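Novice: Data file target_12.txt (compact mmCIF, C-alpha atoms) is appended below.
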# COMPACT_ATOMS: atom_id res chain seq x y z
CA MET W 1 259.23 128.40 343.75
CA LEU W 2 261.38 128.77 340.69
CA PRO W 3 265.14 128.44 341.02
CA MET W 4 267.04 131.69 341.33
CA ASN W 5 269.77 132.88 339.01
CA ARG W 6 267.83 132.09 335.88
CA LYS W 7 267.15 134.58 333.15
CA VAL W 8 263.52 135.73 333.22
CA ILE W 9 262.16 137.21 330.01
CA LYS W 10 259.11 139.37 330.46
CA VAL W 11 256.36 139.07 327.88
CA GLY W 12 254.20 142.21 327.81
CA MET W 13 250.65 142.54 326.58
CA ALA W 14 250.47 141.73 322.83
CA GLU W 15 254.11 140.62 322.80
CA ILE W 16 255.74 137.39 321.61
CA HIS W 17 259.08 136.12 322.95
CA HIS W 18 260.97 132.88 322.60
CA SER W 19 264.09 131.46 324.20
CA PHE W 20 265.97 128.32 325.23
CA SER W 21 266.47 126.23 328.37
CA PRO W 22 267.08 127.21 331.16
CA ASP W 23 265.41 130.60 330.63
CA ILE W 24 262.01 131.46 332.03
CA LEU W 25 259.28 133.32 330.11
CA LYS W 26 256.93 135.33 332.28
CA THR W 27 253.78 137.37 331.81
CA THR W 28 252.01 139.16 334.66
CA GLY W 29 248.39 140.10 335.24
CA LEU W 30 246.68 138.01 332.59
CA GLY W 31 243.01 138.90 332.81
CA SER W 32 240.91 138.21 329.76
CA CYS W 33 244.06 137.82 327.67
CA VAL W 34 245.42 134.33 327.05
CA GLY W 35 249.05 133.33 327.61
CA VAL W 36 250.01 130.80 324.93
CA CYS W 37 253.17 128.73 325.48
CA ILE W 38 254.46 126.52 322.68
CA TYR W 39 257.56 124.41 323.09
CA ASP W 40 259.71 121.56 321.85
CA ASN W 41 260.48 119.47 324.93
CA PHE W 42 263.29 117.57 323.20
CA LYS W 43 265.24 120.55 322.01
CA LYS W 44 264.11 122.69 324.97
CA ILE W 45 263.08 125.64 322.85
CA GLY W 46 259.88 127.48 323.61
CA GLY W 47 257.99 130.72 323.33
CA MET W 48 255.13 132.66 324.85
CA ALA W 49 252.53 135.02 323.37
CA HIS W 50 250.23 137.33 325.38
CA VAL W 51 247.12 137.31 323.18
CA MET W 52 244.55 140.11 323.56
CA LEU W 53 241.93 139.43 320.89
CA PRO W 54 240.61 136.46 318.90
CA ASP W 55 240.89 137.31 315.23
CA SER W 56 242.89 139.76 313.11
CA LYS W 57 240.50 139.26 310.20
CA ASN W 58 237.60 140.80 312.13
CA SER W 59 239.70 143.73 313.26
CA ARG W 60 238.54 147.26 312.57
CA HIS W 61 242.10 148.42 311.90
CA THR W 62 245.32 147.08 310.49
CA THR W 63 248.22 146.44 312.80
CA THR W 64 251.78 145.25 312.64
CA ILE W 65 251.63 143.93 316.20
CA LEU W 66 251.37 140.21 315.47
CA GLY W 67 251.11 139.24 319.14
CA LYS W 68 247.80 140.98 319.55
CA PHE W 69 245.51 138.44 317.86
CA ALA W 70 245.29 134.68 318.43
CA ASP W 71 245.63 133.82 314.73
CA THR W 72 248.64 136.02 313.94
CA ALA W 73 250.33 135.43 317.32
CA ILE W 74 250.26 131.63 317.10
CA GLU W 75 251.47 131.58 313.50
CA GLU W 76 254.33 133.95 314.33
CA LEU W 77 255.26 132.15 317.56
CA ILE W 78 255.52 128.81 315.71
CA LYS W 79 257.58 130.44 312.96
CA ARG W 80 260.02 131.91 315.48
CA ILE W 81 260.64 128.77 317.49
CA VAL W 82 260.96 126.60 314.37
CA ASN W 83 263.47 129.11 312.97
CA ALA W 84 265.32 128.86 316.28
CA GLY W 85 265.70 125.12 315.76
CA ALA W 86 262.56 123.51 317.19
CA GLY W 87 261.12 120.55 315.28
CA ASP W 88 257.61 121.37 314.07
CA LYS W 89 256.45 117.78 314.77
CA ASN W 90 257.56 118.03 318.41
CA LEU W 91 255.56 121.09 319.36
CA VAL W 92 253.05 121.06 322.20
CA ALA W 93 251.20 123.89 323.94
CA LYS W 94 250.15 125.01 327.40
CA ILE W 95 247.66 127.83 327.81
CA ALA W 96 246.37 129.96 330.69
CA GLY W 97 244.13 132.99 331.14
CA GLY W 98 240.93 134.01 329.39
CA ALA W 99 239.13 135.05 332.57
CA GLN W 100 236.01 137.16 332.75
CA MET W 101 237.23 139.79 335.19
CA PHE W 102 233.95 141.69 335.43
CA SER W 103 230.35 140.74 335.03
CA PHE W 104 226.99 142.36 335.34
CA ALA W 105 223.48 141.49 334.23
CA GLY W 106 223.18 141.44 330.47
CA SER W 107 226.95 141.42 330.06
CA SER W 108 227.94 142.59 326.63
CA ASP W 109 230.11 140.61 324.23
CA ILE W 110 233.23 142.47 325.25
CA MET W 111 232.82 141.23 328.84
CA LYS W 112 233.00 137.68 327.50
CA ILE W 113 236.13 138.33 325.48
CA GLY W 114 238.10 135.89 327.65
CA GLN W 115 236.01 132.93 326.47
CA ARG W 116 236.28 134.04 322.85
CA ASN W 117 240.05 134.30 323.23
CA ILE W 118 240.29 130.77 324.64
CA GLU W 119 238.23 129.37 321.75
CA ALA W 120 240.30 131.23 319.15
CA VAL W 121 243.58 130.07 320.68
CA LYS W 122 242.39 126.45 320.66
CA GLU W 123 241.20 126.66 317.04
CA ASN W 124 244.47 128.12 315.87
CA LEU W 125 246.60 125.58 317.75
CA ASP W 126 244.47 122.85 316.22
CA LYS W 127 245.01 124.31 312.77
CA PHE W 128 248.76 123.72 313.18
CA ASN W 129 248.18 120.27 314.77
CA ILE W 130 249.64 121.42 318.07
CA LYS W 131 248.29 119.47 321.02
CA ILE W 132 247.36 121.32 324.22
CA VAL W 133 248.99 119.26 326.97
CA ALA W 134 247.85 121.46 329.85
CA GLU W 135 245.51 124.40 330.40
CA ASP W 136 244.25 126.62 333.20
CA VAL W 137 241.64 128.87 331.62
CA GLY W 138 238.41 130.74 332.35
CA GLY W 139 237.17 131.70 335.79
CA ASN W 140 236.89 135.28 337.04
CA TYR W 141 240.39 135.88 338.36
CA GLY W 142 243.73 137.12 337.08
CA ARG W 143 246.84 134.99 336.60
CA THR W 144 250.58 135.53 336.49
CA ILE W 145 252.38 132.78 334.61
CA GLU W 146 255.99 131.62 334.35
CA PHE W 147 257.05 129.08 331.75
CA ASP W 148 260.17 127.14 332.66
CA LEU W 149 262.01 126.15 329.49
CA LEU W 150 264.20 123.70 331.40
CA THR W 151 261.31 121.51 332.55
CA GLY W 152 258.42 122.63 330.35
CA GLN W 153 256.42 123.38 333.50
CA LEU W 154 254.03 126.29 333.61
CA TYR W 155 253.64 127.99 337.01
CA VAL W 156 250.28 129.71 337.43
CA ARG W 157 249.89 132.18 340.29
CA THR W 158 246.61 133.77 341.36
CA ILE W 159 245.58 136.03 344.21
CA SER W 160 242.50 134.15 345.43
CA GLN W 161 242.98 130.63 344.03
CA GLY W 162 246.55 129.89 345.08
CA GLU W 163 249.32 128.57 342.86
CA LYS W 164 249.58 125.57 340.64
CA ILE W 165 251.96 123.93 338.23
CA ILE W 166 250.59 122.56 335.00
CA MET Q 1 243.91 161.16 312.44
CA ASN Q 2 247.13 160.11 314.04
CA ILE Q 3 247.04 160.08 317.83
CA TYR Q 4 250.43 158.52 318.32
CA SER Q 5 251.67 161.81 319.69
CA LEU Q 6 249.77 164.42 321.62
CA LYS Q 7 250.28 168.15 321.31
CA PRO Q 8 250.97 170.04 324.55
CA MET Q 9 247.60 171.77 324.28
CA GLN Q 10 245.87 168.44 323.91
CA ILE Q 11 247.63 167.07 326.98
CA ASP Q 12 246.61 170.16 328.96
CA LEU Q 13 243.02 169.76 327.89
CA LEU Q 14 242.95 166.06 328.83
CA LYS Q 15 244.51 166.88 332.21
CA GLU Q 16 241.90 169.52 332.75
CA LEU Q 17 239.18 166.98 332.01
CA GLY Q 18 240.74 164.60 334.54
CA ASN Q 19 240.84 167.43 337.06
CA ILE Q 20 237.26 168.50 336.55
CA GLY Q 21 235.89 164.96 336.67
CA ALA Q 22 237.91 163.75 339.62
CA GLY Q 23 237.40 167.08 341.43
CA ASN Q 24 233.67 166.58 341.39
CA ALA Q 25 234.07 162.94 342.39
CA ALA Q 26 236.36 163.90 345.30
CA THR Q 27 233.76 166.42 346.51
CA ALA Q 28 231.15 163.67 346.41
CA LEU Q 29 233.42 161.32 348.36
CA SER Q 30 234.23 164.05 350.89
CA LYS Q 31 230.51 164.43 351.56
CA ILE Q 32 229.97 160.68 351.94
CA ILE Q 33 232.77 160.20 354.45
CA SER Q 34 232.72 163.74 355.95
CA ASN Q 35 236.42 164.17 355.33
CA LYS Q 36 238.39 166.30 352.94
CA ILE Q 37 239.87 164.47 349.99
CA GLY Q 38 242.96 165.68 348.11
CA LEU Q 39 243.65 165.27 344.41
CA SER Q 40 246.86 164.81 342.46
CA VAL Q 41 247.63 166.50 339.16
CA PRO Q 42 246.20 164.18 336.51
CA GLU Q 43 248.59 162.13 334.42
CA VAL Q 44 247.86 161.75 330.73
CA SER Q 45 249.50 158.93 328.83
CA LEU Q 46 249.23 157.64 325.33
CA VAL Q 47 250.87 154.26 325.58
CA SER Q 48 251.36 150.98 323.79
CA PHE Q 49 249.78 147.90 325.35
CA GLN Q 50 253.19 146.69 326.51
CA GLU Q 51 253.63 149.92 328.48
CA ALA Q 52 250.04 150.31 329.62
CA LEU Q 53 250.08 147.65 332.31
CA GLU Q 54 252.90 149.41 334.13
CA PHE Q 55 250.52 152.27 334.67
CA VAL Q 56 248.71 150.55 337.52
CA GLY Q 57 251.71 150.06 339.75
CA GLY Q 58 253.78 147.07 340.66
CA GLU Q 59 253.47 143.49 339.61
CA ASP Q 60 250.63 141.52 341.19
CA GLN Q 61 249.35 144.53 343.09
CA VAL Q 62 245.92 143.72 344.50
CA VAL Q 63 243.16 146.31 344.28
CA ALA Q 64 239.39 146.55 344.17
CA SER Q 65 238.49 147.67 340.65
CA ILE Q 66 235.11 149.08 339.79
CA TYR Q 67 234.53 149.11 336.07
CA PHE Q 68 232.05 151.16 334.05
CA ARG Q 69 231.45 151.10 330.36
CA VAL Q 70 230.59 154.62 329.15
CA GLU Q 71 228.22 155.07 326.21
CA GLY Q 72 226.92 158.23 324.58
CA SER Q 73 228.71 160.78 322.46
CA LEU Q 74 232.04 160.29 324.30
CA PRO Q 75 232.32 156.50 324.57
CA GLY Q 76 234.99 154.89 326.68
CA ASN Q 77 235.71 153.21 329.99
CA ILE Q 78 236.06 154.25 333.59
CA LEU Q 79 238.02 152.16 336.01
CA LEU Q 80 238.14 153.16 339.65
CA MET Q 81 240.91 151.35 341.50
CA LEU Q 82 240.78 151.33 345.29
CA PRO Q 83 243.45 149.82 347.55
CA LEU Q 84 242.21 147.23 350.04
CA GLU Q 85 242.72 149.69 352.95
CA THR Q 86 240.19 152.00 351.31
CA ILE Q 87 237.70 149.13 350.95
CA LYS Q 88 238.26 148.36 354.63
CA PHE Q 89 237.59 151.99 355.54
CA ILE Q 90 234.44 152.19 353.42
CA LEU Q 91 232.98 148.96 354.80
CA GLU Q 92 233.76 149.90 358.39
CA TYR Q 93 232.38 153.38 357.87
CA LEU Q 94 229.19 152.42 356.01
CA LEU Q 95 228.38 148.98 357.39
CA ASN Q 96 230.37 148.95 360.61
CA ASP Q 97 231.76 145.76 359.16
CA LYS Q 98 235.12 144.60 360.46
CA ASN Q 99 234.99 141.07 359.16
CA ILE Q 100 236.13 141.39 355.60
CA ASP Q 101 237.17 138.55 353.31
CA TYR Q 102 238.22 140.64 350.33
CA TYR Q 103 238.01 137.77 347.85
CA ASN Q 104 234.59 136.58 348.96
CA LEU Q 105 232.69 139.77 349.69
CA ASP Q 106 229.07 139.23 350.61
CA SER Q 107 226.23 140.92 348.75
CA TYR Q 108 225.95 143.86 351.22
CA GLN Q 109 229.66 144.55 350.99
CA THR Q 110 229.62 144.27 347.20
CA SER Q 111 226.63 146.64 346.96
CA ALA Q 112 228.20 149.15 349.33
CA ILE Q 113 231.43 149.30 347.35
CA SER Q 114 229.63 149.31 344.00
CA GLU Q 115 227.37 152.12 345.20
CA ILE Q 116 230.33 154.26 346.26
CA GLY Q 117 231.80 153.54 342.83
CA ASN Q 118 228.54 154.52 341.22
CA MET Q 119 228.40 157.86 343.01
CA LEU Q 120 232.02 158.69 342.21
CA CYS Q 121 231.70 157.66 338.57
CA GLY Q 122 228.44 159.58 338.29
CA ALA Q 123 230.06 162.71 339.76
CA TYR Q 124 233.05 162.36 337.40
CA LEU Q 125 230.88 161.98 334.31
CA THR Q 126 228.44 164.74 335.30
CA ALA Q 127 231.31 167.19 335.55
CA LEU Q 128 232.79 166.02 332.26
CA SER Q 129 229.43 166.10 330.57
CA ASN Q 130 228.67 169.65 331.74
CA PHE Q 131 232.09 170.89 330.68
CA THR Q 132 232.04 169.28 327.24
CA GLN Q 133 228.31 169.61 326.58
CA GLN Q 134 228.26 165.95 325.55
CA ASN Q 135 226.10 163.10 326.79
CA MET Q 136 227.77 160.29 328.68
CA TYR Q 137 225.97 157.30 330.17
CA PRO Q 138 227.71 154.86 332.49
CA SER Q 139 226.76 151.19 332.72
CA VAL Q 140 226.00 149.62 336.09
CA PRO Q 141 229.20 149.01 338.08
CA ALA Q 142 231.10 145.73 337.96
CA LEU Q 143 233.48 144.87 340.80
CA SER Q 144 236.63 142.76 340.93
CA VAL Q 145 239.14 142.33 343.75
CA ASP Q 146 242.25 141.03 342.02
CA MET Q 147 245.50 141.95 340.27
CA ALA Q 148 245.36 145.54 339.01
CA GLU Q 149 246.92 144.55 335.69
CA ALA Q 150 244.32 141.86 335.10
CA ALA Q 151 241.49 144.35 335.72
CA LEU Q 152 243.02 146.87 333.33
CA SER Q 153 243.14 144.22 330.60
CA LEU Q 154 239.43 144.61 329.81
CA PRO Q 155 239.51 148.30 328.82
CA LEU Q 156 242.83 147.75 327.06
CA ILE Q 157 241.34 144.92 325.01
CA GLN Q 158 238.54 147.28 324.00
CA MET Q 159 241.10 149.86 322.87
CA GLY Q 160 242.92 147.02 321.10
CA GLU Q 161 239.95 146.46 318.84
CA MET Q 162 240.40 149.96 317.46
CA GLY Q 163 244.11 150.65 317.50
CA ASP Q 164 247.53 149.91 318.93
CA VAL Q 165 247.59 152.48 321.71
CA ALA Q 166 245.52 153.41 324.74
CA LEU Q 167 244.91 156.89 326.09
CA LEU Q 168 244.83 156.84 329.89
CA ILE Q 169 243.85 159.78 332.05
CA LYS Q 170 244.68 158.99 335.64
CA THR Q 171 243.83 161.05 338.72
CA THR Q 172 244.79 159.99 342.20
CA PHE Q 173 242.86 161.03 345.28
CA THR Q 174 244.09 160.67 348.83
CA HIS Q 175 243.16 161.43 352.37
CA GLU Q 176 246.12 161.30 354.65
CA GLY Q 177 245.62 159.56 357.95
CA LYS Q 178 242.34 157.95 356.98
CA ASP Q 179 243.73 155.34 354.58
CA VAL Q 180 241.42 156.52 351.85
CA SER Q 181 242.94 156.74 348.41
CA GLY Q 182 242.33 155.57 344.89
CA ASN Q 183 242.95 156.03 341.22
CA PHE Q 184 240.48 157.14 338.60
CA PHE Q 185 241.20 155.98 335.09
CA PHE Q 186 239.26 157.52 332.24
CA ILE Q 187 240.05 155.67 329.03
CA PRO Q 188 238.24 157.33 326.14
CA GLU Q 189 237.88 155.66 322.77
CA ILE Q 190 239.67 157.25 319.80
CA GLN Q 191 236.36 158.51 318.47
CA ALA Q 192 235.69 160.29 321.77
CA PHE Q 193 239.21 161.73 321.80
CA GLU Q 194 238.78 163.15 318.29
CA LYS Q 195 235.40 164.62 319.14
CA LEU Q 196 236.77 166.27 322.28
CA MET Q 197 239.75 167.74 320.47
CA SER Q 198 237.67 169.22 317.70
CA TYR Q 199 235.07 170.55 320.16
CA PHE Q 200 237.78 172.47 321.98
CA GLY Q 201 239.53 173.50 318.76
CA VAL Q 202 242.75 171.57 319.33
CA ALA Q 203 242.27 168.81 316.75
CA ASN Q 204 245.24 167.51 314.82
CA GLU Q 205 244.06 168.89 311.49
Render the structure in this file as structure tokens.
Specialist:
Amino acid sequence: MLPMNRKVIKVGMAEIHHSFSPDILKTTGLGSCVGVCIYDNFKKIGGMAHVMLPDSKNSRHTTTILGKFADTAIEELIKRIVNAGAGDKNLVAKIAGGAQMFSFAGSSDIMKIGQRNIEAVKENLDKFNIKIVAEDVGGNYGRTIEFDLLTGQLYVRTISQGEKII
Amino acid sequence: MNIYSLKPMQIDLLKELGNIGAGNAATALSKIISNKIGLSVPEVSLVSFQEALEFVGGEDQVVASIYFRVEGSLPGNILLMLPLETIKFILEYLLNDKNIDYYNLDSYQTSAISEIGNMLCGAYLTALSNFTQQNMYPSVPALSVDMAEAALSLPLIQMGEMGDVALLIKTTFTHEGKDVSGNFFFIPEIQAFEKLMSYFGVANE
């Protein structure tokens, strides 16, 4: 689907990466994690974070991995792309993921972590006045996403639900 | 306690646990399908989250994952990952079912797979529990047929609440010629790891 010969930057779990058009940012196997893409469509600068958990302030340990939590990841991602030249008034977001991969009767809170991640990502984007222009979240299936910094399109691939572009 | 590096003796002990657990589970599976099941040497890895996903094989690999939350004095997670050929074998063998839509399994198929998972997980934990003299209680099984990486995200997120690394003990079982294989992942919490190490006298301090 995506043009060949383009640089693809892989974003691992709890990682944050940013780049410029025409690069592609990619994260594979998003389950309950949320892939957050923020970009400036005029300057064609964007970044992606692979968020695992909602809130660093409720964490039972201290970490230096900013990409792990929605609050620290979004703040850091914005900082990086603005430093790289993006205009902070131009920024918009696309998000995907936050599935509930497993369920059983009386599912515990941790099973519903996907939903909590989605809510936390939305709250934190709102805090920085960043509008979500597209989303593909929830459900009970995994997603692999590719964010095209040339067009601002987000390709979402699933095993059972096909592919879509948002 | 710092678990960012494991001592050789600790690795050996964790491998042994993987061996004992999966050995018992393989025996159980052998009895169910009346065929001998082989086991690999367990792999023990203490990895960052970035590295952890690579542990389940290639990108977008599709597997049936059966997940169990483990409570008791050695809390953690068990994830049993079975390739689709193994699911096919199990359903043909147990239900004589040749019509399988892997992404929309019916309730009989889901119960059959979950029950196999239950027996294998039970066998794994019984062996571990006897060896360590600790109580371990698995949850009911939860099944997902999807990307292996996406399934692994749940136990990794749980580890993420407590630290920046995950300890994975992986044992592979195979039966050549019968298309039966799978991976057992035991992912103990840090607390369980520390308890195990001190019980066997190989703690870090």
Novice: Restrict the distance test to all atoms listed in the file, flag each residue of chain W within 9 Å of chain Q, and return the flagged residues as a PyMOL selection string.
Specialist: chain W and resi 11-15+28-33+52-53+59-65+68+99-105+110-111+113+140-144+158-160
Novice: List as number ranges by chain the protein and nucleic acid residues near Q:Leu196, meaning an atom at most 10 Å away when all atoms listed in the file are counted, but skip any in the same chain fewer than 4 places from it.
Specialist: Q: 10, 13-14, 73-74, 132, 134, 188, 190-192, 200-203
Novice: Distance atom CA of Q:Ala112-atom CA of Q:Leu128, one decimal place?
Specialist: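 Separation of atom CA of Q:Ala112 and atom CA of Q:Leu128: 24.4 Å.
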Novice: For a test of reading the model, state the distance in Å between atom CA of W:Gly98 and atom CA of W:Ala70, rounded to one decimal.
Specialist: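 According to the coordinates, atom CA of W:Gly98 and atom CA of W:Ala70 are separated by 11.8 Å.
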Novice: If I take atom CA of W:Ala49 and atom CA of W:Ile74, how far is one from the other in Å, to one decimal?
Specialist: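 Distance between the two atoms: 7.5 Å.
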Novice: Ranking Q:Ile32, Q:Leu17, Q:Met81, Q:Ile90 by minimum distance to Q:Phe55 and counting only C-alpha atoms, which one comes first?
Specialist: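 Using only C-alpha atoms, Q:Phe55 sits closest to Q:Met81.
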Novice: Return the single residue from W:Ala93, W:Leu149, W:Leu125, W:Leu25 that is closest to W:Ile38, with distances computed using only C-alpha atoms.
Specialist: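 Comparing W:Ala93, W:Leu149, W:Leu125, W:Leu25 against W:Ile38, the winner is W:Ala93.
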Novice: Within 10 Å of (242.4, 168.6, 338.0), in the coordinates the file gives, what residues turn up when you count only C-alpha atoms, written out as a VMD selection string?
Specialist: chain Q and resid 14 to 24 39 to 43 171 to 172
